[in-house]
Amino acid sequence: MPDRVIAGTAFHTPTRGRLEILENILILIDAAGTISEILPKDHPRSAEIRTRAERQCSLIELQDGQFLLPGLVDLHIHAPQWPQLGKALDAPLEVWLQKYTFPLEARFSDLSFAREVYSSLVEALLANGTTTAVYFATIHLEASLALAEICLAKGQRAFVGRVAMDDPHQCPDFYRDADASTAVRETRAFVQRVRELANDEDALVRPIITPRFIPSCTDALLEGLGKLAEELDCPVQTHCSESDWESGFVRERFGASDAEVLARFGLLRQNTILAHSNFVTDDDLTLIQQTGAAVAHCPLSNFYFANAVFPLRAALDKCVHVGLGSDISAGHSPSMLDGCRHALLASRARQSGVDPCLSAEERGVTGSAISVSEAFWLATAGGGEALGLPVGKFALGCKFDALVIDLHAPGSNVGWSPDLDTIEDLFQKLVLNATRSNIAMTWVNGEIVARSPFTPRKSG
Ligand code: GUN
Ligand code: FE
């Protein structure tokens, strides 16, 4: 017998760009939070399963105007930058880091400050529908562990990284690892301690090795972390070819691209998450694809810091794994539905180009525009594939990570008239217009982890 049964209509994009609408289905979830069966509405066993689940109080029936979406995957978040959300975006990346961001991150040596910020962040992201989060924390071991513990306590699926950065030329004295061997030792301790928090293979919260980016790390640190990733079989995240300054810095130092340098140090591995990757060459994309690494496309923060738009279509055409990142706080929205909108807009800017002085033929890159279904896939199943996790779609064996969107929530901007709109139109409206107030419930691993205070209905 399943642990829980959900009855309702679901939208998902199990493969890139293909919207599937599952009308009036039953989703059966086992005790491990895994989808064990999906039954269509007229399946001969549906009535019996529904009755039994109702008797056992394990049936959750969506109400009129409620729809199920897969949980959203955010591949790139700087947790300590949460207090900085929505401000300090007036300087280029290299100035922003030194002037605003490093001083803020340095404050996370204070464990109680860290706990307060991280609790507020994880709650806000769950309420916004982010069921899987990939976090950069700070250089502080205990505060970074606190983030992992908070994700576990609040039920968010997460990868958490203790940031490593040791180069005195790029990192201030007040916020830097003492040296490469200290940073490697602390990273090793962090990985082991996060693994001890979880006691099964299926861990909800996992460690990820996190060199901040090439400019803030010495060669010794990059080498040490590459070896550690191999030894501990641990995933890696970093920034890659983000801006003119950053990619130029790496070329000057190594005579090679970010991706080539990361590969040289053993940091380009299966499921390595590369934030941005805006200035990648064709060869870089091939290398990223061959190693099984993935790009966290961060369209909003790219508008502020990147000096260019990520060549998303080229990456997808080369079968590179790609998902979306909010890049809090270089991106000022915590919502991955916003992330879908920003990815759509960035793709349109790339398609059309931006300089009206150029002719239409010279201005943009044909074929760059993505569809709403592609954007949604990036924020769900695409992100899941990037991480090698069975999330982001409603399929047998996948984890039940999901949102309930309520069209009738107070303050809803989503209007749906069955006379004027097809159900496919409704999906587009959900992706483009739903806000946090429409998210009535968030589920991770078969458990409700957030509930809107605006939803008086008693479902679940
Ligand atoms: N590169 C190195 N650190 C950061 C950061 O915190 N945010 C962004 N956007 N880029 C970075
Ligand atoms: Fe970032």
# chains A, B, ... in the order shown; residues from 1 in each chain; ligands from 1
>>> residues_near_ligand(ligand="ligand 1", cutoff="9 Å", atoms="only C-alpha atoms and all ligand atoms", output="MDAnalysis selection string")
chainID A and resid 77:78 81 93:94 96:97 101:102 136 212:216 238:240 242:243 246 275:276 298 301:302 304:306 327:331
>>> residues_around(residues="stretch 217-231 of chain A", least_positions_apart="6", cutoff="9 Å", atoms="only C-alpha atoms", output="PyMOL selection string")
chain A and resi 164-168+170-171+179-181+183-184+187-188+208-211+262-269
>>> residues_around(residues="A:Ser36", least_positions_apart="5", cutoff="9 Å", atoms="only C-alpha atoms", output="PyMOL selection string")
chain A and resi 2+27-30+395-398
>>> closest_atom_pairs(of="stretch 243-333 of chain A", to="stretch 378-393 of chain A", cutoff="10 Å", atoms="only C-alpha atoms", output="Markdown table")
| residue | atom | partner | partner_atom | distance |
| --- | --- | --- | --- | --- |
| A:Gln270 | CA | A:Gly388 | CA | 8.7 |
| A:Asn271 | CA | A:Leu387 | CA | 5.4 |
| A:Thr272 | CA | A:Leu387 | CA | 8.0 |
| A:Ile273 | CA | A:Ala386 | CA | 7.5 |
| A:Gly292 | CA | A:Ala386 | CA | 8.4 |
| A:Ala293 | CA | A:Ala386 | CA | 7.4 |
| A:Ala294 | CA | A:Ala386 | CA | 5.4 |
| A:Val295 | CA | A:Ala386 | CA | 7.7 |
| A:Ala296 | CA | A:Gly383 | CA | 8.2 |
| A:His297 | CA | A:Leu378 | CA | 8.9 |
| A:Val320 | CA | A:Ala386 | CA | 8.9 |
| A:His321 | CA | A:Ala386 | CA | 5.2 |
| A:Val322 | CA | A:Gly382 | CA | 6.0 |
| A:Gly323 | CA | A:Gly383 | CA | 4.2 |
| A:Leu324 | CA | A:Ala379 | CA | 5.5 |
| A:Gly325 | CA | A:Ala379 | CA | 8.3 |
>>> select_by_dssp(residues="stretch 205-388 of chain A", states="strand (DSSP E or B)", output="mmCIF file with N, CA and C atoms, in the first residue's frame")
data_model
loop_
_atom_site.group_PDB
_atom_site.id
_atom_site.type_symbol
_atom_site.label_atom_id
_atom_site.label_comp_id
_atom_site.auth_asym_id
_atom_site.auth_seq_id
_atom_site.Cartn_x
_atom_site.Cartn_y
_atom_site.Cartn_z
ATOM 1 N N VAL A 205 20.556 15.838 2.006
ATOM 2 C CA VAL A 205 21.527 16.936 1.990
ATOM 3 C C VAL A 205 22.929 16.349 1.795
ATOM 4 N N ARG A 206 23.628 16.886 0.821
ATOM 5 C CA ARG A 206 24.941 16.313 0.459
ATOM 6 C C ARG A 206 25.992 17.421 0.361
ATOM 7 N N PRO A 207 27.247 17.048 0.562
ATOM 8 C CA PRO A 207 28.313 18.054 0.432
ATOM 9 C C PRO A 207 28.731 18.230 -1.026
ATOM 10 N N ILE A 209 32.153 20.064 -3.155
ATOM 11 C CA ILE A 209 33.452 20.752 -3.040
ATOM 12 C C ILE A 209 33.383 22.062 -3.830
ATOM 13 N N THR A 210 33.826 23.183 -3.205
ATOM 14 C CA THR A 210 33.487 24.503 -3.729
ATOM 15 C C THR A 210 34.668 25.473 -3.783
ATOM 16 N N PRO A 211 35.555 25.319 -4.793
ATOM 17 C CA PRO A 211 36.513 26.412 -5.015
ATOM 18 C C PRO A 211 35.727 27.615 -5.536
ATOM 19 N N VAL A 236 31.463 18.762 -7.435
ATOM 20 C CA VAL A 236 32.196 20.036 -7.363
ATOM 21 C C VAL A 236 31.296 21.131 -7.918
ATOM 22 N N GLN A 237 31.428 22.340 -7.378
ATOM 23 C CA GLN A 237 30.797 23.512 -8.004
ATOM 24 C C GLN A 237 31.787 24.664 -7.990
ATOM 25 N N THR A 238 31.686 25.504 -8.996
ATOM 26 C CA THR A 238 32.507 26.716 -9.052
ATOM 27 C C THR A 238 31.897 27.677 -10.066
ATOM 28 N N HIS A 239 32.523 28.845 -10.234
ATOM 29 C CA HIS A 239 32.106 29.762 -11.297
ATOM 30 C C HIS A 239 33.020 29.552 -12.501
ATOM 31 N N CYS A 240 32.468 29.768 -13.692
ATOM 32 C CA CYS A 240 33.248 29.510 -14.908
ATOM 33 C C CYS A 240 32.977 30.611 -15.931
ATOM 34 N N ILE A 273 29.063 21.460 -11.218
ATOM 35 C CA ILE A 273 28.147 22.547 -11.592
ATOM 36 C C ILE A 273 28.966 23.814 -11.846
ATOM 37 N N LEU A 274 28.918 24.268 -13.100
ATOM 38 C CA LEU A 274 29.665 25.460 -13.513
ATOM 39 C C LEU A 274 28.697 26.627 -13.633
ATOM 40 N N ALA A 275 28.780 27.577 -12.694
ATOM 41 C CA ALA A 275 27.889 28.725 -12.784
ATOM 42 C C ALA A 275 28.319 29.617 -13.948
ATOM 43 N N HIS A 276 27.352 30.083 -14.692
ATOM 44 C CA HIS A 276 27.521 31.072 -15.770
ATOM 45 C C HIS A 276 28.038 30.473 -17.085
ATOM 46 N N ALA A 294 28.029 20.239 -15.841
ATOM 47 C CA ALA A 294 26.778 20.911 -16.192
ATOM 48 C C ALA A 294 26.931 22.413 -16.001
ATOM 49 N N VAL A 295 26.100 23.165 -16.718
ATOM 50 C CA VAL A 295 26.110 24.621 -16.567
ATOM 51 C C VAL A 295 24.893 25.053 -15.755
ATOM 52 N N ALA A 296 25.129 25.922 -14.758
ATOM 53 C CA ALA A 296 24.038 26.619 -14.068
ATOM 54 C C ALA A 296 23.894 27.960 -14.776
ATOM 55 N N HIS A 297 22.883 28.044 -15.623
ATOM 56 C CA HIS A 297 22.636 29.285 -16.371
ATOM 57 C C HIS A 297 21.958 30.273 -15.415
ATOM 58 N N HIS A 321 24.620 19.316 -20.194
ATOM 59 C CA HIS A 321 23.596 19.439 -19.153
ATOM 60 C C HIS A 321 23.493 20.907 -18.750
ATOM 61 N N VAL A 322 22.263 21.429 -18.745
ATOM 62 C CA VAL A 322 22.057 22.817 -18.316
ATOM 63 C C VAL A 322 20.822 22.896 -17.422
ATOM 64 N N GLY A 323 20.937 23.658 -16.343
ATOM 65 C CA GLY A 323 19.783 24.014 -15.509
ATOM 66 C C GLY A 323 19.878 25.500 -15.199
ATOM 67 N N LEU A 324 19.031 25.963 -14.289
ATOM 68 C CA LEU A 324 19.016 27.393 -13.976
ATOM 69 C C LEU A 324 19.520 27.674 -12.570
ATOM 70 N N ILE A 328 21.572 34.160 -6.251
ATOM 71 C CA ILE A 328 21.400 35.094 -5.128
ATOM 72 C C ILE A 328 22.770 35.450 -4.585
#
>>> residues_around(residues="A:Ile60", least_positions_apart="2", cutoff="9 Å", atoms="only C-alpha atoms", output="PyMOL selection string")
chain A and resi 4-8+53-54+57-58+62+459-460
>>> write_last_selection(atoms="C-alpha atoms", output="CSV table (one decimal), in the first residue's frame")
chain,number,residue,atom,x,y,z
A,4,ARG,CA,0.4,8.7,0.3
A,5,VAL,CA,-1.8,9.3,-2.7
A,6,ILE,CA,-2.2,12.6,-4.5
A,7,ALA,CA,-5.2,13.1,-6.8
A,8,GLY,CA,-5.3,16.0,-9.3
A,53,ALA,CA,-6.3,6.0,0.9
A,54,GLU,CA,-9.2,8.1,2.0
A,57,CYS,CA,-6.3,9.5,5.7
A,58,SER,CA,-3.5,9.3,3.2
A,62,LEU,CA,-6.3,18.9,-5.1
A,459,SER,CA,-6.0,20.1,1.4
A,460,GLY,CA,-3.4,17.8,2.8
>>> closest_residue(among="A:Ala153, A:Ala137, A:Leu232, A:Leu69", to="ligand 2", atoms="only C-alpha atoms and all ligand atoms")
A:Ala137
>>> select_by_dssp(residues="stretch 23-169 of chain A", states="alpha helix (DSSP H)", output="PyMOL selection string")
chain A and resi 46-55+93-96+102-106+111-127+141-154
>>> residues_around(residues="A:Pro70", least_positions_apart="5", cutoff="10 Å", atoms="only C-alpha atoms", output="ChimeraX atom specification")
/A:10-14,129-131,376-377,379-381,391-394,399-404,442-444
>>> closest_residue(among="A:Asp74, A:Asp233, A:Asp425, A:Asp90", to="ligand 2", atoms="only C-alpha atoms and all ligand atoms")
A:Asp74
>>> closest_residue(among="A:Gly71, A:Arg157, A:Leu125, A:Asp110", to="A:His140", atoms="only C-alpha atoms")
A:Asp110
>>> residues_around(residues="A:Ser144", least_positions_apart="2", cutoff="10 Å", atoms="only C-alpha atoms", output="PyMOL selection string")
chain A and resi 79-80+108-109+111+114-115+118+135-142+146-150+160-163+190+194
>>> write_last_selection(atoms="N, CA, C and O atoms", output="short mmCIF file (atom, residue, chain, number, x, y, z; two decimals), in the first residue's frame")
data_model
loop_
_atom_site.label_atom_id
_atom_site.label_comp_id
_atom_site.auth_asym_id
_atom_site.auth_seq_id
_atom_site.Cartn_x
_atom_site.Cartn_y
_atom_site.Cartn_z
N ALA A 79 24.21 31.40 -0.29
CA ALA A 79 23.36 31.53 0.91
C ALA A 79 23.70 32.76 1.76
O ALA A 79 22.79 33.46 2.22
N PRO A 80 24.99 33.06 1.98
CA PRO A 80 25.29 34.21 2.86
C PRO A 80 24.95 35.56 2.23
O PRO A 80 25.01 36.58 2.92
N PHE A 108 29.87 35.72 8.65
CA PHE A 108 29.35 34.38 8.98
C PHE A 108 30.28 33.58 9.88
O PHE A 108 30.04 32.41 10.15
N SER A 109 31.35 34.26 10.37
CA SER A 109 32.13 33.64 11.45
C SER A 109 31.25 33.61 12.71
O SER A 109 31.50 32.84 13.63
N LEU A 111 28.22 32.39 14.38
CA LEU A 111 27.34 31.25 14.11
C LEU A 111 25.87 31.59 14.31
O LEU A 111 25.01 31.12 13.56
N ALA A 114 24.69 33.46 11.32
CA ALA A 114 24.57 32.52 10.20
C ALA A 114 23.27 31.72 10.30
O ALA A 114 22.53 31.59 9.32
N ARG A 115 22.99 31.21 11.50
CA ARG A 115 21.77 30.39 11.67
C ARG A 115 20.51 31.18 11.35
O ARG A 115 19.60 30.68 10.70
N TYR A 118 20.39 31.82 7.48
CA TYR A 118 20.16 30.59 6.71
C TYR A 118 18.75 30.05 6.93
O TYR A 118 18.13 29.53 5.99
N TYR A 135 23.99 25.19 -2.87
CA TYR A 135 24.44 26.36 -2.13
C TYR A 135 25.96 26.50 -2.07
O TYR A 135 26.67 25.54 -1.76
N PHE A 136 26.45 27.74 -2.25
CA PHE A 136 27.74 28.16 -1.75
C PHE A 136 27.46 28.70 -0.35
O PHE A 136 26.55 29.52 -0.18
N ALA A 137 28.22 28.26 0.67
CA ALA A 137 28.12 28.90 1.99
C ALA A 137 29.28 29.90 2.10
O ALA A 137 29.42 30.75 1.21
N THR A 138 30.09 29.80 3.14
CA THR A 138 31.26 30.69 3.27
C THR A 138 32.48 29.83 3.62
O THR A 138 32.40 28.60 3.60
N ILE A 139 33.58 30.48 4.01
CA ILE A 139 34.78 29.71 4.37
C ILE A 139 34.66 29.11 5.78
O ILE A 139 35.52 28.35 6.20
N HIS A 140 33.59 29.46 6.50
CA HIS A 140 33.49 29.04 7.91
C HIS A 140 32.87 27.66 8.03
O HIS A 140 31.72 27.45 7.64
N LEU A 141 33.63 26.74 8.59
CA LEU A 141 33.21 25.33 8.65
C LEU A 141 31.91 25.16 9.45
O LEU A 141 30.95 24.54 8.97
N GLU A 142 31.86 25.73 10.65
CA GLU A 142 30.69 25.51 11.51
C GLU A 142 29.44 26.15 10.91
O GLU A 142 28.37 25.56 10.93
N ALA A 146 26.01 24.45 9.65
CA ALA A 146 24.69 24.90 10.13
C ALA A 146 23.73 25.00 8.95
O ALA A 146 22.55 24.63 9.07
N LEU A 147 24.21 25.46 7.81
CA LEU A 147 23.33 25.54 6.63
C LEU A 147 22.85 24.14 6.24
O LEU A 147 21.66 23.93 5.97
N ALA A 148 23.76 23.17 6.24
CA ALA A 148 23.38 21.79 5.89
C ALA A 148 22.33 21.26 6.89
O ALA A 148 21.33 20.65 6.51
N GLU A 149 22.56 21.55 8.17
CA GLU A 149 21.61 21.08 9.21
C GLU A 149 20.24 21.74 9.04
O GLU A 149 19.20 21.09 9.22
N ILE A 150 20.24 23.02 8.69
CA ILE A 150 18.97 23.74 8.53
C ILE A 150 18.20 23.19 7.32
O ILE A 150 16.99 22.99 7.39
N VAL A 160 25.44 21.40 -0.31
CA VAL A 160 25.99 22.54 0.41
C VAL A 160 27.51 22.51 0.30
O VAL A 160 28.14 21.46 0.52
N GLY A 161 28.10 23.66 -0.03
CA GLY A 161 29.55 23.75 -0.17
C GLY A 161 30.16 24.76 0.78
O GLY A 161 29.66 25.88 0.91
N ARG A 162 31.23 24.33 1.47
CA ARG A 162 32.05 25.26 2.25
C ARG A 162 33.02 25.89 1.25
O ARG A 162 33.77 25.19 0.56
N VAL A 163 32.99 27.20 1.12
CA VAL A 163 33.75 27.88 0.06
C VAL A 163 35.25 27.84 0.38
O VAL A 163 35.66 28.05 1.52
N PHE A 190 34.56 19.09 6.23
CA PHE A 190 33.17 19.48 5.93
C PHE A 190 32.44 18.35 5.20
O PHE A 190 31.31 17.98 5.56
N VAL A 194 29.17 16.48 6.76
CA VAL A 194 27.84 16.52 6.11
C VAL A 194 27.39 15.09 5.81
O VAL A 194 26.21 14.75 6.00
#
>>> residues_around(residues="A:Leu407", least_positions_apart="3", cutoff="12 Å", atoms="only C-alpha atoms", output="MDAnalysis selection string")
chainID A and resid 62:68 404 410:417 426:427 429:430 433:440 454:455
>>> atom_distance(atom1="atom CA of A:Asp317", atom2="atom CA of A:Cys357")
29.7 Å
>>> closest_residue(among="A:Gln428, A:Ser347, A:Ser277, A:Ser368", to="ligand 2", atoms="only C-alpha atoms and all ligand atoms")
A:Ser277
>>> closest_residue(among="A:Val95, A:Ala259, A:His43, A:Val191", to="A:Trp245", atoms="only C-alpha atoms")
A:Val95
>>> atom_distance(atom1="atom CA of A:Glu123", atom2="atom CA of A:Trp82")
11.8 Å
>>> decode(residues="stretch 155-229 of chain A", atoms="C-alpha atoms", output="compact mmCIF listing (two decimals), in the first residue's frame")
# COMPACT_ATOMS: atom_id res chain seq x y z
CA GLY A 155 13.32 19.29 4.56
CA GLN A 156 14.98 20.93 1.55
CA ARG A 157 16.95 18.73 -0.85
CA ALA A 158 20.35 20.41 -1.05
CA PHE A 159 24.00 20.35 -1.96
CA VAL A 160 25.99 22.54 0.41
CA GLY A 161 29.55 23.75 -0.17
CA ARG A 162 32.05 25.26 2.25
CA VAL A 163 33.75 27.88 0.06
CA ALA A 164 37.50 27.57 -0.52
CA MET A 165 39.52 30.72 -1.42
CA ASP A 166 43.14 31.24 -0.45
CA ASP A 167 44.86 33.59 -2.93
CA PRO A 168 46.06 36.70 -1.04
CA HIS A 169 46.16 38.70 -4.29
CA GLN A 170 42.41 38.36 -4.79
CA CYS A 171 41.00 37.65 -1.32
CA PRO A 172 41.12 40.16 1.55
CA ASP A 173 42.99 39.34 4.77
CA PHE A 174 39.73 39.38 6.72
CA TYR A 175 38.10 36.75 4.49
CA ARG A 176 40.51 34.13 3.19
CA ASP A 177 41.68 30.62 3.90
CA ALA A 178 45.06 30.74 5.65
CA ASP A 179 46.62 28.61 2.89
CA ALA A 180 45.84 25.81 0.45
CA SER A 181 46.42 22.97 2.87
CA THR A 182 44.12 24.53 5.50
CA ALA A 183 41.39 24.99 2.88
CA VAL A 184 41.72 21.38 1.68
CA ARG A 185 41.74 20.05 5.25
CA GLU A 186 38.63 22.04 6.18
CA THR A 187 36.87 21.00 2.98
CA ARG A 188 37.62 17.34 3.76
CA ALA A 189 36.27 17.75 7.29
CA PHE A 190 33.17 19.48 5.93
CA VAL A 191 32.45 16.71 3.40
CA GLN A 192 32.84 14.05 6.08
CA ARG A 193 30.65 15.86 8.60
CA VAL A 194 27.84 16.52 6.11
CA ARG A 195 27.96 12.86 5.10
CA GLU A 196 27.61 11.93 8.78
CA LEU A 197 24.43 14.03 9.04
CA ALA A 198 22.73 11.72 6.58
CA ASN A 199 22.73 8.04 7.26
CA ASP A 200 21.62 6.61 3.93
CA GLU A 201 22.59 6.48 0.26
CA ASP A 202 19.60 8.57 -0.60
CA ALA A 203 20.77 11.54 1.48
CA LEU A 204 18.58 14.64 1.26
CA VAL A 205 21.53 16.94 1.99
CA ARG A 206 24.94 16.31 0.46
CA PRO A 207 28.31 18.05 0.43
CA ILE A 208 29.83 19.65 -2.66
CA ILE A 209 33.45 20.75 -3.04
CA THR A 210 33.49 24.50 -3.73
CA PRO A 211 36.51 26.41 -5.01
CA ARG A 212 34.98 29.91 -5.27
CA PHE A 213 36.42 30.61 -8.72
CA ILE A 214 39.83 30.34 -10.32
CA PRO A 215 40.89 33.95 -9.55
CA SER A 216 40.43 33.46 -5.77
CA CYS A 217 42.35 30.14 -5.60
CA THR A 218 46.06 29.38 -5.81
CA ASP A 219 47.24 26.54 -8.07
CA ALA A 220 47.95 24.48 -4.95
CA LEU A 221 44.36 24.83 -3.78
CA LEU A 222 42.85 23.98 -7.18
CA GLU A 223 45.11 20.92 -7.35
CA GLY A 224 44.31 19.86 -3.79
CA LEU A 225 40.56 20.15 -4.28
CA GLY A 226 40.68 18.24 -7.58
CA LYS A 227 42.45 15.36 -5.84
CA LEU A 228 40.03 15.52 -2.91
CA ALA A 229 36.99 15.35 -5.23
